[in-house]
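Read the structure below first, then the notes.
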Amino acid sequence: IRVEPDSSIVDVGGGNGSFLLRLLDRHPTARGAVVDLAGAVEAARQSIAVAPAGSRCRAVVGDFFAPLPETGNLFLLRWVLHNWDDERAVRILR
């Protein structure tokens with residue numbers, strides 16, 4: 001993944017935030033947000049609280065079938081689209 005300096009990364013469906021936190025560790029000027037359902041966001045908040053990059057990350061409740069509550073210049077969809085049929089996958093990408 002190419003991450004520009006000062007990027008704002010949104011990990012859509014990011015679960016506990018572990019992938020985004022590792023990415024932020026490698027890119028110290030980037031900041032990020034995990035967007036997921038409430039249960040996953042609680043797990044992400046716990047991970048963020050103890051992570052070295054935690055001060056540059058937050059977790060936000062959201063649903064990828066609705067408008068995202070976060071903006072950014074890099075959006076991640078990791079392990080998301082494979083769970084959905086083509087019609088719903090297109091909706092997620094829109």
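In the structure tokens, chains take letters A, B, ... by order of appearance, with residues numbered from 1 within each chain and ligands from 1 in the order shown.
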> Leaving out range 53-65 of chain A and any residue of its chain fewer than 4 positions from it, which residues lie within 9 Å of it when counting only C-alpha atoms, given as number ranges by chain?
Replying inline: A: 12-13, 16-17, 20-22, 24-25, 28-42, 44-45, 47-49, 69-70, 88, 91-94
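Note that the spacing between CA of Asp11 in chain A and CA of Asn73 in chain A amounts to 11.1 Å.
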>> Taking only range 28-79 of chain A into account, list the residues labelled strand (DSSP E) by DSSP (computed from the backbone), as a list in words.
In response: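 Taking range 28-79 of chain A and keeping strand (DSSP E) only, one gets Arg31, Gly32, Ala33, Val34, Val35, Asp36, Cys57, Arg58, Ala59, Val60, Val61, Leu74, Phe75 and Leu76 of chain A.
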> Just asking: which residues within chain A are helix (DSSP H, G or I) according to DSSP, as a VMD selection string?
Replying inline: chain A and resid 18 to 26 38 to 50 54 to 56 81 to 83 86 to 93
> So which residues touch Gly72 in chain A within 7 Å, counting only C-alpha atoms, skipping near sequence neighbours fewer than 2 positions away, as a ChimeraX atom specification?
Replying inline: /A:8-10,70,74-75
> Restricting the calculation to only C-alpha atoms, which member of A:Pro52, A:Ser7, A:His27, A:Ile1 is positioned closest to Thr71 in chain A?
Replying inline: A:Ser7
